[in-house]
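Enquirer: Please find work-v3.pdb (PDB, C-alpha atoms) on the next line:
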ATOM      1  CA  MET A   1     -41.023   2.258  33.675
ATOM      2  CA  SER A   2     -42.975   4.523  31.341
ATOM      3  CA  HIS A   3     -42.877   4.051  27.579
ATOM      4  CA  ARG A   4     -40.975   7.330  27.205
ATOM      5  CA  ASN A   5     -38.281   6.233  29.639
ATOM      6  CA  LYS A   6     -37.974   2.902  27.873
ATOM      7  CA  VAL A   7     -37.408   4.680  24.562
ATOM      8  CA  ILE A   8     -34.801   6.995  26.088
ATOM      9  CA  LYS A   9     -33.026   4.016  27.658
ATOM     10  CA  TYR A  10     -33.026   2.247  24.289
ATOM     11  CA  ILE A  11     -31.658   5.338  22.536
ATOM     12  CA  LYS A  12     -28.900   5.720  25.117
ATOM     13  CA  LEU A  13     -27.953   2.059  24.665
ATOM     14  CA  VAL A  14     -27.719   2.443  20.897
ATOM     15  CA  VAL A  15     -25.682   5.665  21.170
ATOM     16  CA  VAL A  16     -23.264   4.142  23.690
ATOM     17  CA  SER A  17     -22.885   1.001  21.505
ATOM     18  CA  LEU A  18     -22.215   3.052  18.369
ATOM     19  CA  THR A  19     -19.701   5.256  20.212
ATOM     20  CA  ALA A  20     -17.907   2.191  21.590
ATOM     21  CA  ALA A  21     -17.904   0.577  18.125
ATOM     22  CA  SER A  22     -16.490   3.791  16.570
ATOM     23  CA  ILE A  23     -13.677   3.979  19.154
ATOM     24  CA  VAL A  24     -12.795   0.264  18.833
ATOM     25  CA  TYR A  25     -12.897   0.317  15.017
ATOM     26  CA  GLY A  26     -10.946   3.590  14.822
ATOM     27  CA  THR A  27      -8.198   2.198  17.050
ATOM     28  CA  TYR A  28      -8.165  -1.018  14.993
ATOM     29  CA  VAL A  29      -7.828   0.920  11.721
ATOM     30  CA  VAL A  30      -4.892   2.969  13.042
ATOM     31  CA  ILE A  31      -3.101  -0.157  14.317
ATOM     32  CA  GLY A  32      -4.065  -2.015  11.097
ATOM     33  CA  CYS A  33      -2.498   0.701   8.927
ATOM     34  CA  PHE A  34       0.778   0.379  10.862
ATOM     35  CA  ILE A  35       0.669  -3.412  10.428
ATOM     36  CA  LEU A  36       0.022  -3.002   6.678
ATOM     37  CA  LEU A  37       2.874  -0.504   6.432
ATOM     38  CA  ASP A  38       5.184  -2.961   8.158
ATOM     39  CA  ARG A  39       4.117  -5.716   5.727
ATOM     40  CA  GLN A  40       4.899  -3.699   2.583
ATOM     41  CA  PRO A  41       7.997  -4.864   0.725
ATOM     42  CA  LYS A  42      10.447  -1.955   0.820
ATOM     43  CA  PHE A  43      13.021  -0.986  -1.788
ATOM     44  CA  VAL A  44      16.111   1.194  -1.708
ATOM     45  CA  LEU A  45      16.645   3.821  -4.426
ATOM     46  CA  PRO A  46      20.140   4.729  -5.674
ATOM     47  CA  ASP A  47      20.026   7.891  -3.528
ATOM     48  CA  GLY A  48      19.416   5.763  -0.414
ATOM     49  CA  SER A  49      15.782   6.715   0.049
ATOM     50  CA  ILE A  50      13.147   4.057   0.671
ATOM     51  CA  THR A  51      10.066   3.352  -1.419
ATOM     52  CA  TYR A  52       7.045   1.181  -0.689
ATOM     53  CA  SER A  53       3.475   0.790  -1.893
ATOM     54  CA  GLN A  54       1.136   3.381  -0.480
ATOM     55  CA  GLY A  55      -1.922   1.370  -1.452
ATOM     56  CA  PHE A  56      -2.575   0.582   2.203
ATOM     57  CA  MET A  57      -3.271   4.298   2.696
ATOM     58  CA  VAL A  58      -6.196   4.002   0.283
ATOM     59  CA  GLN A  59      -7.411   1.028   2.301
ATOM     60  CA  GLY A  60      -7.032   3.110   5.449
ATOM     61  CA  LEU A  61      -8.984   5.934   3.829
ATOM     62  CA  ILE A  62     -11.841   3.601   2.976
ATOM     63  CA  ALA A  63     -11.799   2.128   6.471
ATOM     64  CA  GLY A  64     -11.814   5.729   7.746
ATOM     65  CA  GLY A  65     -14.860   6.324   5.535
ATOM     66  CA  ILE A  66     -16.637   3.407   7.191
ATOM     67  CA  LEU A  67     -15.721   4.874  10.574
ATOM     68  CA  ALA A  68     -17.029   8.293   9.534
ATOM     69  CA  ALA A  69     -20.275   6.650   8.363
ATOM     70  CA  LEU A  70     -20.590   4.999  11.774
ATOM     71  CA  VAL A  71     -20.152   8.323  13.570
ATOM     72  CA  ILE A  72     -22.577  10.100  11.198
ATOM     73  CA  ALA A  73     -25.126   7.309  11.746
ATOM     74  CA  GLU A  74     -24.747   7.836  15.476
ATOM     75  CA  LEU A  75     -25.238  11.604  15.197
ATOM     76  CA  LEU A  76     -28.243  11.230  12.904
ATOM     77  CA  PHE A  77     -29.727   8.696  15.279
ATOM     78  CA  VAL A  78     -29.325  11.032  18.231
ATOM     79  CA  TYR A  79     -30.791  13.919  16.247
ATOM     80  CA  PHE A  80     -33.806  12.150  14.792
ATOM     81  CA  MET A  81     -34.677   9.895  17.711
ATOM     82  CA  TYR A  82     -33.976  12.173  20.626
ATOM     83  CA  LEU A  83     -33.068  15.781  20.021
ATOM     84  CA  ARG A  84     -35.678  16.517  17.364
ATOM     85  CA  LYS A  85     -38.437  15.145  19.542
ATOM     86  CA  ARG A  86     -37.181  17.250  22.436
ATOM     87  CA  PHE A  87     -37.022  20.356  20.233
ATOM     88  CA  ASP A  88     -40.517  19.609  18.941
ATOM     89  CA  ARG A  89     -41.791  19.291  22.501
ATOM     90  CA  LYS A  90     -40.099  22.564  23.464
ATOM     91  CA  ALA A  91     -41.583  24.269  20.387
ATOM     92  CA  ILE A  92     -45.061  23.044  21.301
ATOM     93  CA  GLU A  93     -44.603  24.314  24.858
ATOM     94  CA  VAL A  94     -43.466  27.728  23.598
ATOM     95  CA  CYS A  95     -46.375  27.943  21.176
ATOM     96  CA  GLU A  96     -48.909  26.928  23.814
ATOM     97  CA  SER A  97     -47.556  29.384  26.400
ATOM     98  CA  SER A  98     -47.674  32.141  23.760
ATOM     99  CA  GLY A  99     -51.270  31.361  22.958
ATOM    100  CA  ILE A 100     -50.531  30.169  19.437
ATOM    101  CA  ALA A 101     -53.067  27.557  18.360
ATOM    102  CA  LEU A 102     -51.480  24.416  16.933
TER     103      LEU A 102
ATOM    104  CA  MET B   1     -54.431 -10.803  11.759
ATOM    105  CA  VAL B   2     -54.996 -13.457   9.041
ATOM    106  CA  MET B   3     -54.809 -10.727   6.433
ATOM    107  CA  MET B   4     -51.503  -9.557   7.921
ATOM    108  CA  LYS B   5     -50.037 -13.074   7.737
ATOM    109  CA  LYS B   6     -51.131 -13.387   4.110
ATOM    110  CA  LEU B   7     -49.509 -10.057   3.329
ATOM    111  CA  ILE B   8     -46.226 -11.119   4.971
ATOM    112  CA  CYS B   9     -46.288 -14.411   3.025
ATOM    113  CA  LEU B  10     -46.901 -12.518  -0.206
ATOM    114  CA  VAL B  11     -43.991 -10.158   0.480
ATOM    115  CA  LEU B  12     -41.709 -13.122   1.261
ATOM    116  CA  VAL B  13     -42.698 -14.896  -1.967
ATOM    117  CA  LEU B  14     -42.076 -11.716  -3.959
ATOM    118  CA  LEU B  15     -38.649 -11.316  -2.320
ATOM    119  CA  CYS B  16     -37.747 -14.935  -3.192
ATOM    120  CA  VAL B  17     -38.739 -14.358  -6.827
ATOM    121  CA  LEU B  18     -36.715 -11.125  -6.886
ATOM    122  CA  PHE B  19     -33.594 -12.800  -5.489
ATOM    123  CA  ALA B  20     -33.960 -15.733  -7.885
ATOM    124  CA  SER B  21     -34.188 -13.409 -10.879
ATOM    125  CA  CYS B  22     -31.254 -11.283  -9.691
ATOM    126  CA  ALA B  23     -28.927 -14.265  -9.154
ATOM    127  CA  SER B  24     -26.350 -14.152 -11.933
ATOM    128  CA  PRO B  25     -26.355 -17.152 -14.235
ATOM    129  CA  LYS B  26     -23.172 -19.225 -14.304
ATOM    130  CA  ALA B  27     -20.694 -17.404 -16.538
ATOM    131  CA  LYS B  28     -19.919 -19.115 -19.831
ATOM    132  CA  THR B  29     -16.347 -20.166 -20.500
ATOM    133  CA  ARG B  30     -14.264 -18.556 -23.259
ATOM    134  CA  ASP B  31     -11.423 -19.746 -25.457
ATOM    135  CA  ILE B  32      -8.539 -17.455 -26.353
ATOM    136  CA  VAL B  33      -8.796 -16.629 -30.054
ATOM    137  CA  GLY B  34      -5.293 -15.185 -30.415
ATOM    138  CA  GLU B  35      -3.350 -18.176 -29.157
ATOM    139  CA  VAL B  36       0.425 -17.858 -28.966
ATOM    140  CA  ASN B  37       2.123 -19.631 -31.867
ATOM    141  CA  ALA B  38       5.454 -19.774 -33.704
ATOM    142  CA  SER B  39       4.752 -16.574 -35.658
ATOM    143  CA  SER B  40       3.853 -14.508 -32.582
ATOM    144  CA  VAL B  41       6.125 -11.553 -31.822
ATOM    145  CA  ALA B  42       5.345 -11.590 -28.114
ATOM    146  CA  GLU B  43       2.849 -12.770 -25.561
ATOM    147  CA  ILE B  44       0.895 -10.614 -23.156
ATOM    148  CA  HIS B  45      -0.410 -11.898 -19.833
ATOM    149  CA  ILE B  46      -2.937 -10.094 -17.670
ATOM    150  CA  TYR B  47      -3.041 -10.848 -13.933
ATOM    151  CA  ALA B  48      -5.576 -10.166 -11.205
ATOM    152  CA  PHE B  49      -4.707 -10.478  -7.529
ATOM    153  CA  THR B  50      -7.534  -9.876  -5.085
ATOM    154  CA  GLY B  51      -5.518  -9.443  -1.900
ATOM    155  CA  ASP B  52      -5.743 -13.049  -0.668
ATOM    156  CA  GLY B  53      -3.519 -13.634   2.333
ATOM    157  CA  GLY B  54      -2.465 -10.014   2.751
ATOM    158  CA  ALA B  55      -5.674  -8.504   4.033
ATOM    159  CA  LEU B  56      -6.735  -7.553   7.532
ATOM    160  CA  PRO B  57     -10.349  -8.228   8.533
ATOM    161  CA  LEU B  58     -12.670  -5.203   8.179
ATOM    162  CA  ILE B  59      -9.980  -3.200   6.341
ATOM    163  CA  PRO B  60     -10.626  -3.458   2.598
ATOM    164  CA  ASN B  61      -7.848  -4.763   0.343
ATOM    165  CA  PHE B  62      -8.482  -4.339  -3.366
ATOM    166  CA  GLY B  63      -5.423  -6.228  -4.618
ATOM    167  CA  HIS B  64      -3.561  -5.456  -7.846
ATOM    168  CA  THR B  65      -3.811  -5.891 -11.603
ATOM    169  CA  PHE B  66      -0.866  -5.889 -13.995
ATOM    170  CA  ILE B  67       0.461  -7.291 -17.246
ATOM    171  CA  SER B  68       3.609  -9.040 -18.369
ATOM    172  CA  ILE B  69       5.127  -9.065 -21.837
ATOM    173  CA  LYS B  70       7.384 -11.857 -23.073
ATOM    174  CA  ASN B  71       9.537 -11.196 -26.125
ATOM    175  CA  LEU B  72       9.238 -14.211 -28.452
ATOM    176  CA  SER B  73      11.141 -12.610 -31.335
ATOM    177  CA  ASN B  74      14.862 -12.710 -31.998
ATOM    178  CA  ASN B  75      15.259  -8.963 -31.547
ATOM    179  CA  ALA B  76      14.977  -6.603 -28.610
ATOM    180  CA  PHE B  77      12.097  -4.149 -28.638
ATOM    181  CA  ASN B  78      11.066  -1.131 -26.613
ATOM    182  CA  ILE B  79       8.004  -1.252 -24.408
ATOM    183  CA  GLY B  80       7.122   1.971 -22.619
ATOM    184  CA  GLY B  81      10.803   2.967 -22.663
ATOM    185  CA  TYR B  82      11.989  -0.389 -21.295
ATOM    186  CA  GLU B  83      14.328  -2.328 -23.597
ATOM    187  CA  LEU B  84      13.031  -5.903 -23.632
ATOM    188  CA  GLN B  85      15.649  -8.367 -24.833
ATOM    189  CA  ALA B  86      14.850 -11.457 -26.936
ATOM    190  CA  GLY B  87      13.374 -14.175 -24.735
ATOM    191  CA  GLU B  88      13.033 -11.801 -21.761
ATOM    192  CA  GLU B  89       9.800 -11.172 -19.867
ATOM    193  CA  VAL B  90       8.878  -8.009 -17.984
ATOM    194  CA  SER B  91       5.993  -7.263 -15.650
ATOM    195  CA  ILE B  92       4.414  -3.820 -16.028
ATOM    196  CA  GLY B  93       2.046  -2.234 -13.552
ATOM    197  CA  LEU B  94       0.646   1.139 -12.556
ATOM    198  CA  TRP B  95       1.568   1.753  -8.926
ATOM    199  CA  GLY B  96       1.066   4.195  -6.096
ATOM    200  CA  GLN B  97       4.624   3.810  -4.806
ATOM    201  CA  LYS B  98       6.213   6.421  -2.564
ATOM    202  CA  ALA B  99       8.940   7.093  -5.140
ATOM    203  CA  SER B 100       6.689   7.154  -8.191
ATOM    204  CA  TRP B 101       2.933   7.009  -8.678
ATOM    205  CA  SER B 102       3.284   5.723 -12.202
ATOM    206  CA  ILE B 103       4.458   2.765 -14.306
ATOM    207  CA  TRP B 104       6.849   0.288 -12.693
ATOM    208  CA  PHE B 105       8.710  -2.508 -14.428
ATOM    209  CA  ASN B 106       9.441  -5.890 -12.826
ATOM    210  CA  LEU B 107       8.010  -4.887  -9.452
ATOM    211  CA  GLU B 108       5.382  -7.618  -9.705
ATOM    212  CA  THR B 109       8.089 -10.096 -10.747
ATOM    213  CA  TYR B 110       9.651  -9.491  -7.326
ATOM    214  CA  TYR B 111       6.268  -9.804  -5.566
ATOM    215  CA  ILE B 112       5.545 -13.083  -7.406
ATOM    216  CA  ASN B 113       8.963 -14.523  -6.531
ATOM    217  CA  GLU B 114       8.294 -13.611  -2.887
ATOM    218  CA  ASN B 115       4.965 -15.526  -3.065
ATOM    219  CA  ILE B 116       2.993 -12.430  -2.125
ATOM    220  CA  TYR B 117       0.413 -12.730  -4.901
ATOM    221  CA  LYS B 118      -1.472 -15.743  -3.550
ATOM    222  CA  ASN B 119      -4.219 -17.130  -5.812
ATOM    223  CA  ALA B 120      -3.497 -14.535  -8.515
ATOM    224  CA  VAL B 121      -4.991 -15.607 -11.835
ATOM    225  CA  SER B 122      -3.737 -14.789 -15.327
ATOM    226  CA  VAL B 123      -4.431 -15.450 -18.973
ATOM    227  CA  LYS B 124      -2.310 -14.905 -22.086
ATOM    228  CA  ARG B 125      -2.757 -14.073 -25.743
ATOM    229  CA  GLU B 126      -0.419 -13.438 -28.614
ATOM    230  CA  ILE B 127       0.911 -10.130 -29.901
ATOM    231  CA  LYS B 128       1.091 -10.565 -33.645
ATOM    232  CA  SER B 129       3.077  -7.626 -34.942
ATOM    233  CA  ALA B 130       5.614  -4.910 -34.225
ATOM    234  CA  GLU B 131       2.805  -2.366 -34.739
ATOM    235  CA  GLU B 132       0.902  -3.859 -31.822
ATOM    236  CA  ILE B 133       4.042  -3.635 -29.689
ATOM    237  CA  GLU B 134       4.449   0.010 -30.673
ATOM    238  CA  ALA B 135       0.814   0.789 -29.794
ATOM    239  CA  LEU B 136       1.254  -0.871 -26.408
ATOM    240  CA  SER B 137       4.538   0.939 -25.852
ATOM    241  CA  ASN B 138       3.002   4.335 -26.659
ATOM    242  CA  TYR B 139       0.035   3.636 -24.433
ATOM    243  CA  THR B 140       2.333   2.686 -21.547
ATOM    244  CA  LYS B 141       4.412   5.856 -22.012
ATOM    245  CA  GLY B 142       1.341   8.074 -21.917
ATOM    246  CA  VAL B 143      -0.629   6.399 -19.150
ATOM    247  CA  GLY B 144       0.119   9.111 -16.586
ATOM    248  CA  LYS B 145      -0.129   8.958 -12.821
ATOM    249  CA  TRP B 146      -2.050   6.542 -10.635
ATOM    250  CA  THR B 147      -5.354   7.926  -9.424
ATOM    251  CA  PHE B 148      -8.622   6.400  -8.210
ATOM    252  CA  THR B 149      -9.983   6.593 -11.752
ATOM    253  CA  ASN B 150      -6.705   5.780 -13.534
ATOM    254  CA  ASN B 151      -5.739   2.793 -11.446
ATOM    255  CA  CYS B 152      -3.783  -0.412 -12.046
ATOM    256  CA  THR B 153      -6.821  -2.219 -13.449
ATOM    257  CA  VAL B 154      -7.562   0.560 -15.948
ATOM    258  CA  TYR B 155      -3.987   0.414 -17.259
ATOM    259  CA  ALA B 156      -3.674  -3.379 -17.410
ATOM    260  CA  LEU B 157      -7.093  -3.912 -18.954
ATOM    261  CA  SER B 158      -6.614  -1.166 -21.554
ATOM    262  CA  ALA B 159      -3.194  -2.607 -22.432
ATOM    263  CA  TRP B 160      -4.703  -6.078 -22.821
ATOM    264  CA  ASN B 161      -7.622  -4.793 -24.904
ATOM    265  CA  LEU B 162      -5.363  -2.961 -27.391
ATOM    266  CA  ASN B 163      -5.734  -4.970 -30.621
ATOM    267  CA  ALA B 164      -7.278  -7.835 -28.635
ATOM    268  CA  GLY B 165     -10.092  -8.417 -31.142
ATOM    269  CA  LYS B 166     -12.383 -11.135 -29.842
ATOM    270  CA  ASP B 167     -10.215 -11.628 -26.739
ATOM    271  CA  LYS B 168     -11.304  -8.258 -25.311
ATOM    272  CA  ILE B 169     -12.307  -8.293 -21.666
ATOM    273  CA  LYS B 170     -15.140  -6.113 -20.399
ATOM    274  CA  ILE B 171     -15.818  -5.426 -16.717
ATOM    275  CA  LYS B 172     -18.391  -3.247 -14.987
ATOM    276  CA  SER B 173     -16.097  -1.616 -12.424
ATOM    277  CA  ASN B 174     -12.318  -1.353 -12.645
ATOM    278  CA  THR B 175     -11.337  -3.590  -9.745
ATOM    279  CA  PRO B 176      -9.102  -6.682  -9.611
ATOM    280  CA  LYS B 177     -12.049  -8.680  -8.210
ATOM    281  CA  GLN B 178     -14.181  -8.008 -11.282
ATOM    282  CA  LEU B 179     -11.266  -8.774 -13.587
ATOM    283  CA  LYS B 180     -10.482 -12.030 -11.789
ATOM    284  CA  GLN B 181     -14.008 -13.277 -12.499
ATOM    285  CA  GLN B 182     -13.588 -12.505 -16.196
ATOM    286  CA  ILE B 183     -10.099 -14.057 -16.409
ATOM    287  CA  LYS B 184     -11.426 -17.251 -14.845
ATOM    288  CA  ARG B 185     -13.913 -17.563 -17.695
ATOM    289  CA  PHE B 186     -11.039 -18.349 -20.078
ATOM    290  CA  THR B 187     -10.414 -22.060 -20.364
ATOM    291  CA  THR B 188      -6.642 -21.450 -20.433
ATOM    292  CA  TYR B 189      -6.368 -19.275 -17.317
ATOM    293  CA  GLU B 190      -3.505 -19.992 -14.912
ATOM    294  CA  THR B 191      -3.164 -19.612 -11.150
ATOM    295  CA  GLU B 192      -0.024 -18.157  -9.511
ATOM    296  CA  ARG B 193       1.959 -18.068 -12.768
ATOM    297  CA  LYS B 194       5.648 -17.315 -12.272
ATOM    298  CA  ILE B 195       7.603 -14.727 -14.275
ATOM    299  CA  ALA B 196      11.110 -15.861 -15.078
ATOM    300  CA  GLY B 197      13.972 -13.405 -14.651
ATOM    301  CA  ASP B 198      15.952 -11.676 -11.959
ATOM    302  CA  GLN B 199      15.692  -8.083 -13.153
ATOM    303  CA  THR B 200      15.422  -5.544 -10.369
ATOM    304  CA  PRO B 201      12.290  -3.394 -10.190
ATOM    305  CA  SER B 202      12.580  -0.048 -11.970
ATOM    306  CA  PHE B 203      10.702   3.082 -12.965
ATOM    307  CA  PHE B 204      11.306   6.155 -15.106
ATOM    308  CA  LYS B 205      12.277   9.432 -13.476
ATOM    309  CA  GLY B 206      13.244  12.379 -15.650
ATOM    310  CA  GLY B 207      13.687  10.078 -18.641
ATOM    311  CA  GLU B 208      16.117   7.822 -16.764
ATOM    312  CA  LEU B 209      15.360   4.248 -15.722
ATOM    313  CA  VAL B 210      15.901   4.075 -11.954
ATOM    314  CA  HIS B 211      16.537   0.613 -10.505
ATOM    315  CA  VAL B 212      15.668  -0.178  -6.904
ATOM    316  CA  THR B 213      16.905  -3.003  -4.719
ATOM    317  CA  PRO B 214      14.865  -4.876  -2.101
ATOM    318  CA  LYS B 215      15.646  -3.734   1.444
TER     319      LYS B 215
END
Output the file's structure as structure tokens, nothing else.
Expert:
Amino acid sequence: MSHRNKVIKYIKLVVVSLTAASIVYGTYVVIGCFILLDRQPKFVLPDGSITYSQGFMVQGLIAGGILAALVIAELLFVYFMYLRKRFDRKAIEVCESSGIAL
Amino acid sequence: MVMMKKLICLVLVLLCVLFASCASPKAKTRDIVGEVNASSVAEIHIYAFTGDGGALPLIPNFGHTFISIKNLSNNAFNIGGYELQAGEEVSIGLWGQKASWSIWFNLETYYINENIYKNAVSVKREIKSAEEIEALSNYTKGVGKWTFTNNCTVYALSAWNLNAGKDKIKIKSNTPKQLKQQIKRFTTYETERKIAGDQTPSFFKGGELVHVTPK
């Protein structure tokens, strides 16, 4: 296997792992928020409405932030390690075919 | 190759030195200057709960910070609109509750009685005069809504630091975790302190104290 193919295989592995991690963590956060909501002590107001702490939403937001960071890391990885190199190669090809000296 | 190994060794040594210098020295203990005594009007406790027992792995739980005021005088006084009877104690905290993102009274008392605040730490100091009570009351009335930057720790710590003199607590970031470390420096800190009383949790809505009952 050529060096280039090895690199591409490695990149694909990382991208697939990050995608899987994002999906698993995202599902966990959604389920976790429901569990946290269920755990909140609830109180009844005189008008019959229910109140509970919404602090778990902040926790969910932060967990969502971690998830977003994971997805952004994945996208940046794909861009810098794969797409940019491909674009660079394409640009070189275009320049060479147009007779532009590089 | 030998040069490379030497360079790696040098970098490792430098990293060790850096970590050693960054390691925080063991925090010194503190004594409460304003100890509660017979002439004290009230006592104020500050609590820090860091979410022990209620967290889910990989989902952050910041915990909660709040205060409690115990009336040691023979007369009732007003604290943030709440009428505190002689001998009574009230917990006060800034909450993001569905019904009100503001000050709640006795909500933490309920949480403590339900053993939710595991490993919460607290420390107390005296409140010497009616003027100090008034300052605390006015501060509580004007604290506003809960936000990221005006959170439970900001309220509780500011309330504690009002007229605290040498018992002031300083933290770098307004989180219960930071506060817990500082509370534990006091020689008289307590763990899982109970608040006596069976008052139902309440909050102000349109100038009226609204009581809630556990579901």
Enquirer: Specify as a ChimeraX atom specification each residue included when the PyMOL selection byres ((chain A) within 10 of (chain B)) is applied to this file.
Expert: /A:25,28-29,32-33,35-36,39-64,66
Enquirer: How far is it from CA of Gly197 (chain B) to CA of Ala86 (chain B), in Å with one decimal?
Expert: 12.5 Å
Enquirer: Can you turn the PyMOL selection byres ((chain B and resi 193) around 8) into a concrete residue list for this file, as a VMD selection string?
Expert: chain B and resid 120 to 122 190 to 192 194 to 195
Enquirer: Here is a test: counting only C-alpha atoms, which residue of A:Gly65, A:Met81, A:Ser98, A:Val24 is nearest to Lys9 (chain A)?
Expert: A:Met81
Enquirer: List every protein, DNA or RNA residue with an atom no more than 10 Å from (-8.1, -8.1, -8.6) in the file's coordinates, counting all atoms listed in the file, and format the result as a PDB file with C-alpha atoms, keeping the file's coordinate frame.
Expert:
ATOM      1  CA  TYR B  47      -3.041 -10.848 -13.933  1.00  0.00           C
ATOM      2  CA  ALA B  48      -5.576 -10.166 -11.205  1.00  0.00           C
ATOM      3  CA  PHE B  49      -4.707 -10.478  -7.529  1.00  0.00           C
ATOM      4  CA  THR B  50      -7.534  -9.876  -5.085  1.00  0.00           C
ATOM      5  CA  GLY B  51      -5.518  -9.443  -1.900  1.00  0.00           C
ATOM      6  CA  ASP B  52      -5.743 -13.049  -0.668  1.00  0.00           C
ATOM      7  CA  ASN B  61      -7.848  -4.763   0.343  1.00  0.00           C
ATOM      8  CA  PHE B  62      -8.482  -4.339  -3.366  1.00  0.00           C
ATOM      9  CA  GLY B  63      -5.423  -6.228  -4.618  1.00  0.00           C
ATOM     10  CA  HIS B  64      -3.561  -5.456  -7.846  1.00  0.00           C
ATOM     11  CA  THR B  65      -3.811  -5.891 -11.603  1.00  0.00           C
ATOM     12  CA  PHE B  66      -0.866  -5.889 -13.995  1.00  0.00           C
ATOM     13  CA  ALA B 120      -3.497 -14.535  -8.515  1.00  0.00           C
ATOM     14  CA  VAL B 121      -4.991 -15.607 -11.835  1.00  0.00           C
ATOM     15  CA  CYS B 152      -3.783  -0.412 -12.046  1.00  0.00           C
ATOM     16  CA  THR B 153      -6.821  -2.219 -13.449  1.00  0.00           C
ATOM     17  CA  ASN B 174     -12.318  -1.353 -12.645  1.00  0.00           C
ATOM     18  CA  THR B 175     -11.337  -3.590  -9.745  1.00  0.00           C
ATOM     19  CA  PRO B 176      -9.102  -6.682  -9.611  1.00  0.00           C
ATOM     20  CA  LYS B 177     -12.049  -8.680  -8.210  1.00  0.00           C
ATOM     21  CA  GLN B 178     -14.181  -8.008 -11.282  1.00  0.00           C
ATOM     22  CA  LEU B 179     -11.266  -8.774 -13.587  1.00  0.00           C
ATOM     23  CA  LYS B 180     -10.482 -12.030 -11.789  1.00  0.00           C
ATOM     24  CA  GLN B 181     -14.008 -13.277 -12.499  1.00  0.00           C
TER      25      GLN B 181
END
Enquirer: One number please: CA of Asp88 (chain A) to CA of Val14 (chain A), in Å, one decimal.
Expert: 21.5 Å
Enquirer: How many Å separate CA of Val15 (chain A) from CA of Arg89 (chain A)?
Expert: 21.1 Å
Enquirer: Would you kindly translate the PyMOL selection byres ((chain A and resi 71) around 12) into the concrete residues it picks from this file, as a PyMOL selection string?
Expert: chain A and resi 15-23+25-26+64-70+72-78
Enquirer: Which residues are close to Arg125 (chain B), i.e. within 7 Å by all atoms listed in the file, leaving aside same-chain residues fewer than 5 positions away? Reply as a ChimeraX atom specification.
Expert: /B:32,34-36,43-45
